[in-house]
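Enquirer: What follows is the file upload.txt, containing compact mmCIF, C-alpha atoms:
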```
# COMPACT_ATOMS: atom_id res chain seq x y z
CA MET A 1 -21.60 16.61 -0.26
CA LEU A 2 -21.79 12.86 -0.74
CA LEU A 3 -21.63 10.65 2.33
CA VAL A 4 -20.29 7.22 1.40
CA VAL A 5 -20.66 4.46 3.99
CA THR A 6 -19.28 0.95 3.51
CA TYR A 7 -20.61 -2.30 4.96
CA SER A 8 -17.96 -4.94 4.16
CA ARG A 9 -14.22 -5.30 4.55
CA ALA A 10 -13.70 -5.31 0.79
CA ALA A 11 -15.78 -2.16 0.31
CA ARG A 12 -14.03 -0.45 3.21
CA ARG A 13 -10.63 -1.30 1.75
CA ASP A 14 -11.60 0.08 -1.66
CA LEU A 15 -12.97 3.23 -0.06
CA ARG A 16 -9.67 3.66 1.75
CA ASN A 17 -7.78 3.29 -1.53
CA VAL A 18 -10.07 5.76 -3.28
CA CYS A 19 -9.53 8.26 -0.46
CA ARG A 20 -5.79 7.85 -0.70
CA GLY A 21 -5.80 8.43 -4.45
CA HIS A 22 -8.21 11.37 -4.67
CA GLU A 23 -7.49 13.80 -1.86
CA ARG A 24 -9.01 16.75 -3.70
CA THR A 25 -12.41 15.12 -3.99
CA VAL A 26 -12.38 13.49 -0.55
CA VAL A 27 -13.41 16.13 1.97
CA ARG A 28 -13.09 13.90 5.03
CA ARG A 29 -12.59 10.29 5.98
CA PHE A 30 -14.08 8.47 8.96
CA GLY A 31 -13.11 4.79 9.36
CA ARG A 32 -15.48 3.06 6.99
CA ALA A 33 -17.18 6.22 5.71
CA ALA A 34 -16.13 9.35 3.86
CA LEU A 35 -17.46 12.65 2.60
CA PHE A 36 -16.86 13.40 -1.07
CA GLU A 37 -17.21 16.77 -2.76
CA ALA A 38 -20.58 17.29 -4.46
CA THR A 39 -18.98 17.24 -7.90
CA ALA A 40 -19.31 14.92 -10.85
CA HIS A 41 -16.01 13.39 -9.77
CA GLY A 42 -17.39 12.71 -6.30
CA ALA A 43 -20.39 11.07 -7.95
CA PHE A 44 -18.12 9.12 -10.30
CA LEU A 45 -16.12 7.69 -7.39
CA SER A 46 -19.33 6.86 -5.48
CA CYS A 47 -20.86 5.12 -8.49
CA ARG A 48 -17.70 3.09 -9.02
CA LEU A 49 -17.74 1.90 -5.43
CA ARG A 50 -21.43 1.06 -5.65
CA GLU A 51 -20.87 -0.73 -8.95
CA ARG A 52 -18.23 -2.91 -7.34
CA HIS A 53 -19.88 -3.55 -3.97
CA SER A 54 -23.60 -2.83 -4.59
CA ASP A 55 -25.47 -3.09 -1.28
CA ASP A 56 -22.29 -2.80 0.76
CA VAL A 57 -21.95 0.84 -0.25
CA GLN A 58 -24.50 3.44 0.84
CA VAL A 59 -24.37 6.90 -0.71
CA GLU A 60 -26.35 9.80 0.72
CA ARG A 61 -26.34 13.37 -0.44
CA THR A 62 -25.82 15.77 2.44
CA ARG A 63 -25.89 19.53 2.69
CA PRO A 64 -24.67 22.03 5.23
CA PHE A 65 -26.92 22.52 8.22
CA ASN A 66 -27.91 26.10 8.94
CA GLU A 67 -29.59 26.30 12.34
CA PHE A 68 -30.72 29.83 11.57
CA ALA A 69 -32.54 28.84 8.37
CA ASP A 70 -33.45 25.15 8.64
CA ILE A 71 -35.38 25.33 11.93
CA ASP A 72 -37.23 28.01 13.82
CA ALA A 73 -35.68 29.83 16.75
CA THR A 74 -37.53 27.83 19.42
CA VAL A 75 -35.48 24.72 18.69
CA ARG A 76 -32.19 26.60 18.78
CA GLU A 77 -33.18 28.40 21.96
CA ALA A 78 -34.34 25.17 23.60
CA ALA A 79 -30.97 23.56 22.86
CA ALA A 80 -29.07 26.53 24.27
CA ALA A 81 -31.23 26.68 27.39
CA TYR A 82 -30.99 22.92 27.99
CA GLU A 83 -27.20 22.94 27.66
CA ALA A 84 -27.10 25.79 30.20
CA ARG A 85 -29.35 23.94 32.70
CA GLU A 86 -28.26 23.97 36.29
CA GLU A 87 -29.02 20.34 37.06
CA PRO A 88 -27.07 18.17 34.56
CA SER A 89 -29.09 15.05 35.33
CA THR A 90 -32.44 16.61 34.33
CA PRO A 91 -33.78 14.84 31.25
CA TYR A 92 -34.94 17.13 28.46
CA ARG A 93 -38.54 15.97 28.77
CA ARG A 94 -38.72 17.20 32.37
CA PHE A 95 -36.74 20.33 31.55
CA ALA A 96 -39.17 21.30 28.78
CA ALA A 97 -42.34 20.52 30.73
CA GLY A 98 -44.26 23.64 31.68
CA THR A 99 -42.03 25.92 29.60
CA ASP A 100 -42.29 27.33 26.08
CA HIS A 101 -39.63 24.85 24.90
CA PRO A 102 -40.96 22.20 22.50
CA ASP A 103 -41.46 18.74 24.01
CA PRO A 104 -39.49 15.76 22.60
CA GLU A 105 -42.45 14.44 20.60
CA ALA A 106 -42.93 17.79 18.89
CA LEU A 107 -39.23 17.81 18.01
CA LYS A 108 -39.39 14.33 16.55
CA THR A 109 -42.38 14.98 14.31
CA ARG A 110 -41.22 18.32 12.96
CA ASP A 111 -39.17 18.15 9.75
CA LEU A 112 -36.46 20.60 8.84
CA SER A 113 -37.48 23.26 6.34
CA GLU A 114 -36.25 22.86 2.79
CA GLY A 115 -34.76 26.35 2.67
CA ARG A 116 -31.04 26.98 2.87
CA MET B 1 8.62 -38.88 5.45
CA SER B 2 6.13 -41.32 3.95
CA PRO B 3 7.41 -43.78 1.34
CA ALA B 4 4.83 -42.36 -1.09
CA ALA B 5 6.70 -39.07 -1.06
CA THR B 6 8.54 -39.79 -4.24
CA VAL B 7 8.36 -37.68 -7.34
CA ARG B 8 7.94 -38.84 -10.91
CA VAL B 9 8.60 -36.39 -13.64
CA ARG B 10 7.71 -37.08 -17.28
CA LEU B 11 8.97 -34.51 -19.68
CA GLY B 12 9.20 -34.96 -23.41
CA GLY B 13 11.01 -38.29 -23.87
CA GLY B 14 12.79 -38.47 -20.53
CA GLY B 15 11.58 -39.53 -17.11
CA HIS B 16 13.05 -38.80 -13.68
CA ASP B 17 12.02 -40.55 -10.47
CA GLY B 18 12.97 -40.12 -6.86
CA ARG B 19 13.17 -37.55 -4.09
CA ALA B 20 15.93 -35.62 -5.80
CA VAL B 21 15.18 -34.72 -9.39
CA ASP B 22 17.77 -32.64 -11.16
CA LEU B 23 16.48 -30.99 -14.29
CA ALA B 24 19.31 -28.51 -14.59
CA GLY B 25 20.68 -28.43 -18.13
CA THR B 26 17.64 -30.26 -19.58
CA GLU B 27 14.88 -28.86 -21.78
CA ALA B 28 12.61 -28.65 -18.72
CA PRO B 29 9.88 -26.02 -18.55
CA PRO B 30 10.66 -22.85 -16.56
CA PRO B 31 10.46 -23.08 -12.74
CA ASP B 32 7.08 -21.35 -12.37
CA GLU B 33 5.58 -23.81 -14.85
CA LEU B 34 7.12 -26.72 -12.93
CA VAL B 35 5.69 -25.53 -9.61
CA ALA B 36 2.29 -25.12 -11.27
CA ALA B 37 2.57 -28.72 -12.48
CA VAL B 38 3.44 -29.85 -8.94
CA ARG B 39 0.28 -28.14 -7.65
CA ASP B 40 -1.97 -29.35 -10.47
CA GLU B 41 -3.14 -32.92 -9.91
CA ASP B 42 -4.25 -33.17 -13.51
CA ASP B 43 -0.86 -32.21 -14.88
CA GLY B 44 0.71 -35.54 -15.77
CA ARG B 45 4.21 -34.12 -16.11
CA VAL B 46 4.79 -34.20 -12.35
CA ARG B 47 3.31 -36.96 -10.16
CA CYS B 48 3.75 -36.35 -6.44
CA PRO B 49 1.80 -36.11 -3.18
CA THR B 50 -0.71 -33.26 -3.06
CA PRO B 51 1.00 -30.12 -1.74
CA GLY B 52 -0.36 -28.64 1.49
CA PRO B 53 -0.93 -24.93 2.21
CA VAL B 54 2.71 -24.34 3.17
CA HIS B 55 3.75 -25.19 -0.39
CA GLU B 56 2.12 -21.94 -1.54
CA HIS B 57 4.81 -20.10 0.40
CA VAL B 58 7.93 -22.23 -0.08
CA GLY B 59 7.16 -24.43 -3.10
CA LEU B 60 9.20 -22.24 -5.42
CA VAL B 61 12.58 -20.90 -4.32
CA GLY B 62 14.09 -18.19 -6.51
CA GLY B 63 12.88 -17.54 -10.05
CA ARG B 64 9.56 -15.71 -10.18
CA ALA B 65 8.49 -16.70 -6.69
CA GLY B 66 7.06 -13.25 -5.96
CA ALA B 67 6.67 -11.62 -2.58
CA LEU B 68 6.89 -13.67 0.59
CA ALA B 69 4.39 -12.95 3.40
CA ARG B 70 6.69 -14.02 6.23
CA ARG B 71 4.15 -14.11 9.04
CA HIS B 72 1.67 -16.10 6.94
CA ALA B 73 4.47 -18.40 5.80
CA MET B 74 5.70 -19.07 9.33
CA ALA B 75 2.15 -19.86 10.45
CA ALA B 76 1.79 -22.30 7.54
CA VAL B 77 5.12 -23.91 8.45
CA ALA B 78 3.93 -24.32 12.05
CA ARG B 79 0.66 -25.88 10.86
CA SER B 80 2.56 -28.32 8.63
CA ARG B 81 4.42 -29.44 11.75
CA GLY B 82 1.15 -30.09 13.56
CA HIS B 83 1.03 -26.91 15.65
CA ARG B 84 -2.47 -25.59 16.30
CA ALA B 85 -3.31 -22.04 17.36
CA PRO B 86 -4.70 -21.74 20.89
CA ASN B 87 -7.71 -19.77 19.60
CA ARG B 88 -8.49 -22.24 16.82
CA GLU B 89 -11.92 -23.16 18.16
CA GLN B 90 -12.85 -19.53 18.57
CA VAL B 91 -11.83 -18.85 14.96
CA GLU B 92 -13.89 -21.78 13.73
CA THR B 93 -16.94 -20.76 15.74
CA LEU B 94 -16.79 -17.19 14.49
CA ALA B 95 -16.12 -18.26 10.91
CA ASP B 96 -19.14 -20.60 11.06
CA ARG B 97 -21.30 -17.80 12.38
CA LEU B 98 -20.05 -15.54 9.62
CA GLY B 99 -20.71 -18.18 6.98
CA ALA B 100 -24.27 -18.61 8.24
CA LEU B 101 -25.05 -14.91 7.89
CA ASP B 102 -27.01 -13.91 4.84
CA PRO B 103 -27.97 -10.28 5.26
CA PRO B 104 -31.00 -9.18 3.23
CA ALA B 105 -30.52 -7.05 0.14
CA ALA B 106 -30.58 -3.28 0.53
CA THR B 107 -30.86 -2.42 -3.13
CA LEU B 108 -32.63 0.83 -3.81
CA THR B 109 -31.40 1.30 -7.37
CA ALA B 110 -34.69 0.48 -9.09
CA ALA B 111 -36.68 2.62 -6.66
CA ARG B 112 -34.30 5.57 -7.15
CA GLU B 113 -34.47 5.24 -10.91
CA ARG B 114 -38.28 5.17 -10.83
CA VAL B 115 -38.35 8.39 -8.78
CA ALA B 116 -35.93 10.11 -11.16
CA GLU B 117 -37.89 9.07 -14.25
CA ALA B 118 -41.22 10.04 -12.71
CA GLY B 119 -39.77 13.42 -11.72
CA ALA B 120 -38.43 14.06 -15.22
CA ASP B 121 -41.78 13.04 -16.70
CA VAL B 122 -43.65 15.51 -14.47
CA THR B 123 -41.27 18.33 -15.45
CA GLU B 124 -41.70 17.61 -19.13
CA ARG B 125 -45.49 17.39 -18.94
CA ARG B 126 -45.68 20.55 -16.84
CA GLU B 127 -43.74 22.45 -19.50
CA HIS B 128 -46.03 21.03 -22.17
CA VAL B 129 -49.13 22.18 -20.25
CA ALA B 130 -47.62 25.65 -19.78
CA SER B 131 -46.85 26.02 -23.46
CA LEU B 132 -50.36 24.85 -24.47
CA ARG B 133 -51.88 27.26 -21.99
CA GLY B 134 -49.90 30.09 -23.59
CA ARG B 135 -51.04 29.03 -27.00
CA VAL B 136 -54.71 28.94 -26.04
CA ARG B 137 -54.41 32.43 -24.56
CA ALA B 138 -52.63 33.79 -27.63
CA LEU B 139 -55.22 32.29 -29.98
CA ARG B 140 -58.04 33.69 -27.91
CA GLU B 141 -56.48 37.15 -27.87
CA ALA B 142 -56.08 36.90 -31.65
CA GLY B 143 -59.79 36.12 -31.93
CA GLU B 144 -59.19 32.68 -33.44
CA GLU B 145 -61.90 30.92 -31.47
CA ALA B 146 -61.97 27.64 -33.39
CA ALA B 147 -58.24 27.11 -33.12
CA ALA B 148 -58.39 28.18 -29.47
CA THR B 149 -61.04 25.53 -28.75
CA ALA B 150 -58.95 22.81 -30.43
CA ALA B 151 -55.90 23.89 -28.49
CA GLY B 152 -58.04 23.92 -25.33
CA ALA B 153 -58.88 20.25 -25.89
CA ASP B 154 -55.15 19.48 -26.26
CA LEU B 155 -54.57 21.41 -23.06
CA ALA B 156 -57.16 19.33 -21.20
CA ASP B 157 -55.51 16.10 -22.41
CA ALA B 158 -52.10 17.38 -21.40
CA ALA B 159 -53.36 18.45 -17.98
CA ALA B 160 -54.84 14.98 -17.42
CA ALA B 161 -51.54 13.39 -18.43
CA LEU B 162 -49.69 15.73 -16.06
CA SER B 163 -51.98 14.75 -13.22
CA GLU B 164 -51.30 11.08 -13.94
CA ALA B 165 -47.56 11.71 -14.01
CA GLU B 166 -47.80 13.50 -10.65
CA THR B 167 -49.63 10.54 -9.18
CA GLU B 168 -46.92 8.21 -10.45
CA ARG B 169 -44.24 10.46 -8.98
CA ALA B 170 -45.92 10.43 -5.59
CA ALA B 171 -46.22 6.64 -5.73
CA ALA B 172 -42.57 6.32 -6.73
CA GLU B 173 -41.48 8.56 -3.86
CA GLN B 174 -43.51 6.56 -1.38
CA ALA B 175 -42.06 3.31 -2.72
CA LEU B 176 -38.54 4.70 -2.34
CA GLU B 177 -39.30 5.79 1.21
CA ARG B 178 -40.56 2.30 2.08
CA ALA B 179 -37.49 0.74 0.45
CA ARG B 180 -35.26 3.08 2.45
CA ARG B 181 -36.85 1.98 5.70
CA ARG B 182 -36.35 -1.66 4.75
CA ALA B 183 -32.75 -0.96 3.72
CA ARG B 184 -32.04 0.40 7.20
CA GLY B 185 -32.67 -3.03 8.69
CA ALA B 186 -30.61 -4.68 5.97
CA ARG B 187 -27.74 -2.28 6.66
CA ASP B 188 -27.90 -3.04 10.37
CA ALA B 189 -27.43 -6.69 9.44
CA ARG B 190 -24.54 -5.83 7.11
CA GLU B 191 -22.94 -3.74 9.82
CA ARG B 192 -23.08 -6.68 12.22
CA ARG B 193 -21.56 -8.88 9.53
CA LEU B 194 -18.71 -6.40 9.06
CA GLU B 195 -18.04 -6.43 12.81
CA LEU B 196 -17.94 -10.21 12.72
CA GLU B 197 -15.61 -10.16 9.71
CA ASP B 198 -13.29 -7.89 11.65
CA ARG B 199 -13.37 -10.18 14.66
CA VAL B 200 -12.59 -13.21 12.50
CA ALA B 201 -9.71 -11.34 10.87
CA ASN B 202 -8.33 -10.32 14.28
CA GLU B 203 -8.57 -13.86 15.61
CA ARG B 204 -6.85 -15.17 12.48
CA ARG B 205 -4.08 -12.62 12.94
CA GLU B 206 -3.66 -13.78 16.53
CA SER B 207 -3.56 -17.38 15.32
CA ARG B 208 -0.82 -16.56 12.87
CA ALA B 209 1.16 -14.67 15.49
CA ALA B 210 0.95 -17.58 17.94
CA LEU B 211 1.85 -20.14 15.27
CA ALA B 212 4.75 -18.02 14.03
CA ASP B 213 6.06 -17.72 17.59
CA ALA B 214 5.98 -21.50 17.88
CA VAL B 215 8.49 -22.00 15.05
CA ARG B 216 10.45 -18.74 15.03
CA GLU B 217 13.50 -20.12 16.84
CA ARG B 218 13.74 -23.11 14.52
CA VAL B 219 13.29 -20.94 11.44
CA ASP B 220 15.93 -18.44 12.58
CA ALA B 221 18.30 -21.34 13.28
CA ALA B 222 17.61 -22.64 9.77
CA VAL B 223 18.36 -19.17 8.33
CA VAL B 224 21.82 -19.33 9.93
CA ALA B 225 22.39 -22.74 8.34
CA VAL B 226 21.41 -21.70 4.79
CA PRO B 227 24.44 -21.78 2.49
CA GLY B 228 25.50 -18.46 1.04
CA THR B 229 23.98 -15.97 3.49
CA SER B 230 25.09 -13.96 6.49
CA ALA B 231 21.53 -13.35 7.75
CA THR B 232 20.79 -14.59 11.24
CA ARG B 233 17.04 -14.03 11.40
CA LEU B 234 14.15 -14.66 9.03
CA ALA B 235 13.26 -10.98 9.27
CA ASP B 236 16.62 -9.98 7.72
CA ALA B 237 16.92 -12.81 5.21
CA ASP B 238 16.62 -12.34 1.45
CA PRO B 239 13.63 -14.18 -0.09
CA VAL B 240 15.67 -17.17 -1.31
CA THR B 241 17.30 -17.65 2.10
CA ALA B 242 13.96 -17.12 3.84
CA ARG B 243 12.16 -19.70 1.69
CA LEU B 244 14.92 -22.26 2.09
CA ALA B 245 14.88 -21.84 5.88
CA LEU B 246 11.08 -22.06 6.01
CA ALA B 247 11.08 -25.12 3.75
CA ARG B 248 13.69 -26.82 5.95
CA VAL B 249 11.49 -26.39 9.02
CA ALA B 250 8.23 -27.25 7.22
CA ARG B 251 7.03 -30.81 6.68
CA LEU B 252 6.78 -31.16 2.94
CA ASP B 253 5.66 -34.19 0.92
CA ALA B 254 5.43 -32.40 -2.40
CA PRO B 255 8.66 -31.30 -4.06
CA VAL B 256 10.18 -27.86 -3.68
CA VAL B 257 11.14 -26.37 -7.03
CA LEU B 258 14.58 -24.83 -6.75
CA ALA B 259 15.35 -22.10 -9.23
CA ALA B 260 18.10 -20.62 -7.05
CA ARG B 261 21.55 -22.17 -6.87
CA ARG B 262 22.51 -22.63 -3.24
CA PHE B 263 23.31 -26.37 -3.37
CA PRO B 264 25.73 -28.25 -5.61
CA ASP B 265 23.01 -30.66 -6.74
CA ALA B 266 19.46 -31.84 -6.04
CA ALA B 267 20.57 -34.58 -3.66
CA ALA B 268 22.39 -32.06 -1.45
CA ALA B 269 19.25 -29.91 -1.37
CA VAL B 270 17.08 -32.91 -0.45
CA GLY B 271 19.45 -33.71 2.37
CA TRP B 272 19.44 -30.18 3.68
CA LEU B 273 15.72 -29.53 3.30
CA ASP B 274 14.55 -33.03 4.19
CA ALA B 275 12.00 -32.64 1.40
CA PRO B 276 11.71 -33.79 -2.20
CA VAL B 277 13.31 -31.39 -4.64
CA LEU B 278 12.92 -30.53 -8.30
CA ARG B 279 16.04 -28.63 -9.28
CA ALA B 280 15.11 -26.52 -12.29
```
Let's see the structure in the file written out as structure tokens.
Expert:
Amino acid sequence: MLLVVTYSRAARRDLRNVCRGHERTVVRRFGRAALFEATAHGAFLSCRLRERHSDDVQVERTRPFNEFADIDATVREAAAAYEAREEPSTPYRRFAAGTDHPDPEALKTRDLSEGR
Amino acid sequence: MSPAATVRVRLGGGGHDGRAVDLAGTEAPPPDELVAAVRDEDDGRVRCPTPGPVHEHVGLVGGRAGALARRHAMAAVARSRGHRAPNREQVETLADRLGALDPPAATLTAARERVAEAGADVTERREHVASLRGRVRALREAGEEAAATAAGADLADAAAALSEAETERAAAEQALERARRRARGARDARERRLELEDRVANERRESRAALADAVRERVDAAVVAVPGTSATRLADADPVTARLALARVARLDAPVVLAARRFPDAAAAVGWLDAPVLRA
């Protein structure tokens, strides 16, 4: 999908109008941002907004996140284990220390895999 | 009312001077053209004091006056009477801060285009290399050594060109990545500007609300006094009634152009509005 984020009042107003007029292409709206369908029409609307407001419109292409394909199981398991921790105030760094769970630095330097 | 607040109208052969100018039944231009002449200092047809902001709202009554933004109009009326919003300084401070902001550019268009072109170039050259490789193999299998050698030289050139294209693609991708990181900072700045714009807009809205409150009673009273209406509040008044009531409460030096017929003549309108009038 296309994530469109606006950075000025004028751009935000135009995005709102676009969303109102093209419900089929607009998947979701959030305040000054919206998700468009990954279709040529979604791209057309994004390009129009960028044409009109240049740097005040950011367009990113997003794709669904599959936690079973995009990362290995250790990350998923670490998240599940941390959310099930007994002491809610334990920071993740301390929680992961001395376990098989990846430490925060390892998480930050590891990219998601390209696979779907 | 200052003594300068007189109106001189020069149209075709005839001239009309004074606070009450009645152009009804003459070959005068249409009302919207008259009001444009009132607002245009360089238009010699109407000489009058420069209209203030409130004239934008009430300068033309009837005709093609368009929509009336009542809250904005009431605030302008209040300002014309010398009212000032309690948050005026706050608005000015924020507006100054906003005006001083100049967020850096976040344009990535050129960098994106370079990546796309470099990528397409690599694809094309890779296909070329693959087809040459196939040709060399086919020639060799056919025993045509000389042709195979020539094709091999082409293949070497193509492979070198591919390698160059791949280098360019890598450079383009790195440049885009750097530009993206820079754009993040620029977008932070733009986000802060948007927040400030919102704050200024909210403060301005509060200003207008406070100013409108300051004159609402007077305006509603004027609505009741407008000839030819049964409305008792600005909110319920038709646009002609609303503009007349607002104009009566406003301080106006420049003439109001009357396209609607609520007064028997221009002098009666001047008396009621306490403002100069051009009756179209």
Enquirer: Could you list, with a cut-off of 10 Å and counting only C-alpha atoms, the residues of chain B near chain A, each shown with its nearest atom pair and the distance in Å rounded to one decimal, rows sorted by chain and ascending number, as JSON lines?
Expert:
```
{"residue": "B:Pro104", "atom": "CA", "partner": "A:Asp55", "partner_atom": "CA", "distance": 9.4}
{"residue": "B:Ala105", "atom": "CA", "partner": "A:Asp55", "partner_atom": "CA", "distance": 6.6}
{"residue": "B:Ala106", "atom": "CA", "partner": "A:Asp55", "partner_atom": "CA", "distance": 5.4}
{"residue": "B:Thr107", "atom": "CA", "partner": "A:Asp55", "partner_atom": "CA", "distance": 5.7}
{"residue": "B:Leu108", "atom": "CA", "partner": "A:Asp55", "partner_atom": "CA", "distance": 8.5}
{"residue": "B:Thr109", "atom": "CA", "partner": "A:Ser54", "partner_atom": "CA", "distance": 9.3}
{"residue": "B:Ala183", "atom": "CA", "partner": "A:Asp55", "partner_atom": "CA", "distance": 9.1}
{"residue": "B:Ala186", "atom": "CA", "partner": "A:Asp55", "partner_atom": "CA", "distance": 9.0}
{"residue": "B:Arg187", "atom": "CA", "partner": "A:Tyr7", "partner_atom": "CA", "distance": 7.3}
{"residue": "B:Asp188", "atom": "CA", "partner": "A:Tyr7", "partner_atom": "CA", "distance": 9.1}
{"residue": "B:Ala189", "atom": "CA", "partner": "A:Tyr7", "partner_atom": "CA", "distance": 9.3}
{"residue": "B:Arg190", "atom": "CA", "partner": "A:Tyr7", "partner_atom": "CA", "distance": 5.7}
{"residue": "B:Glu191", "atom": "CA", "partner": "A:Tyr7", "partner_atom": "CA", "distance": 5.6}
{"residue": "B:Arg192", "atom": "CA", "partner": "A:Tyr7", "partner_atom": "CA", "distance": 8.8}
{"residue": "B:Arg193", "atom": "CA", "partner": "A:Ser8", "partner_atom": "CA", "distance": 7.6}
{"residue": "B:Leu194", "atom": "CA", "partner": "A:Ser8", "partner_atom": "CA", "distance": 5.2}
{"residue": "B:Glu195", "atom": "CA", "partner": "A:Ser8", "partner_atom": "CA", "distance": 8.8}
{"residue": "B:Glu197", "atom": "CA", "partner": "A:Arg9", "partner_atom": "CA", "distance": 7.2}
{"residue": "B:Asp198", "atom": "CA", "partner": "A:Arg9", "partner_atom": "CA", "distance": 7.6}
{"residue": "B:Ala201", "atom": "CA", "partner": "A:Arg9", "partner_atom": "CA", "distance": 9.8}
```
Enquirer: Between atom CA of Asp154 of chain B and atom CA of Arg137 of chain B, what is the spacing in Å?
Expert: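 Result for atom CA of Arg137 of chain B versus atom CA of Asp154 of chain B: 13.1 Å, one decimal.
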Enquirer: Could you pull the residues within 8 Å of Glu203 of chain B, counting only C-alpha atoms, minus those fewer than 6 positions along the same chain, as a list in words?
Expert: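 These residues fall inside the cut-off: Asn87, Gln90 and Val91 of chain B.
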Enquirer: Which of these residues is nearest to Val21 of chain B, using all atoms listed in the file: B:Ala95, B:Leu273, B:Val257, B:Leu244?
Expert: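 Closest to Val21 of chain B of all the choices is B:Val257.
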Enquirer: At a cut-off of 8 Å, using only C-alpha atoms, what residues contact segment 107-113 of chain A? Leave out same-chain residues fewer than 2 positions from it and give the result as an MDAnalysis selection string.
Expert: chainID A and resid 69:71 75 102:105 115
Enquirer: Which residues are close to Gly152 of chain B, i.e. within 8 Å by all atoms listed in the file, leaving aside same-chain residues fewer than 5 positions away? Reply as a list in words.
Expert: Leu132, Arg133 and Val136 of chain B
Enquirer: Taking all atoms listed in the file into account, name the residue in A:Arg93, A:Arg28, A:Ala43, A:Glu86 that is nearest to Glu60 of chain A.
Expert: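 With all atoms listed in the file as the atom set, the closest residue is A:Ala43.
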Enquirer: Tell me which of B:Leu94, B:Ala85, B:Ala165, B:Val240 sits closest to Asp213 of chain B, counting all atoms listed in the file.
Expert: B:Ala85
Enquirer: Using only C-alpha atoms, pick whichever of A:His101, A:Phe68, A:Glu51, A:Gly21 has the shortest atom-to-atom distance to Tyr82 of chain A.
Expert: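 The answer is A:His101, which sits nearest to Tyr82 of chain A.
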Enquirer: Between atom CA of Arg61 of chain A and atom CA of Pro103 of chain B, what is the distance in Å, rounded to a tenth?
Expert: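 We find that atom CA of Arg61 of chain A and atom CA of Pro103 of chain B lie 24.4 Å from each other.
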Enquirer: Figure out the distance between atom CA of His83 of chain B and atom CA of Leu211 of chain B, please, to one decimal in Å.
Expert: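 Straight-line distance from atom CA of Leu211 of chain B to atom CA of His83 of chain B works out to 6.8 Å.
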Enquirer: Specify the axis-aligned box that encloses all atoms of segment 80-93 of chain A listed in the file after padding of 8 Å on each side, stating its centre and edge lengths in Å to one decimal as JSON.
Expert:
```
{"center_x": -32.8, "center_y": 20.8, "center_z": 30.7, "size_x": 27.5, "size_y": 27.8, "size_z": 28.8}
```
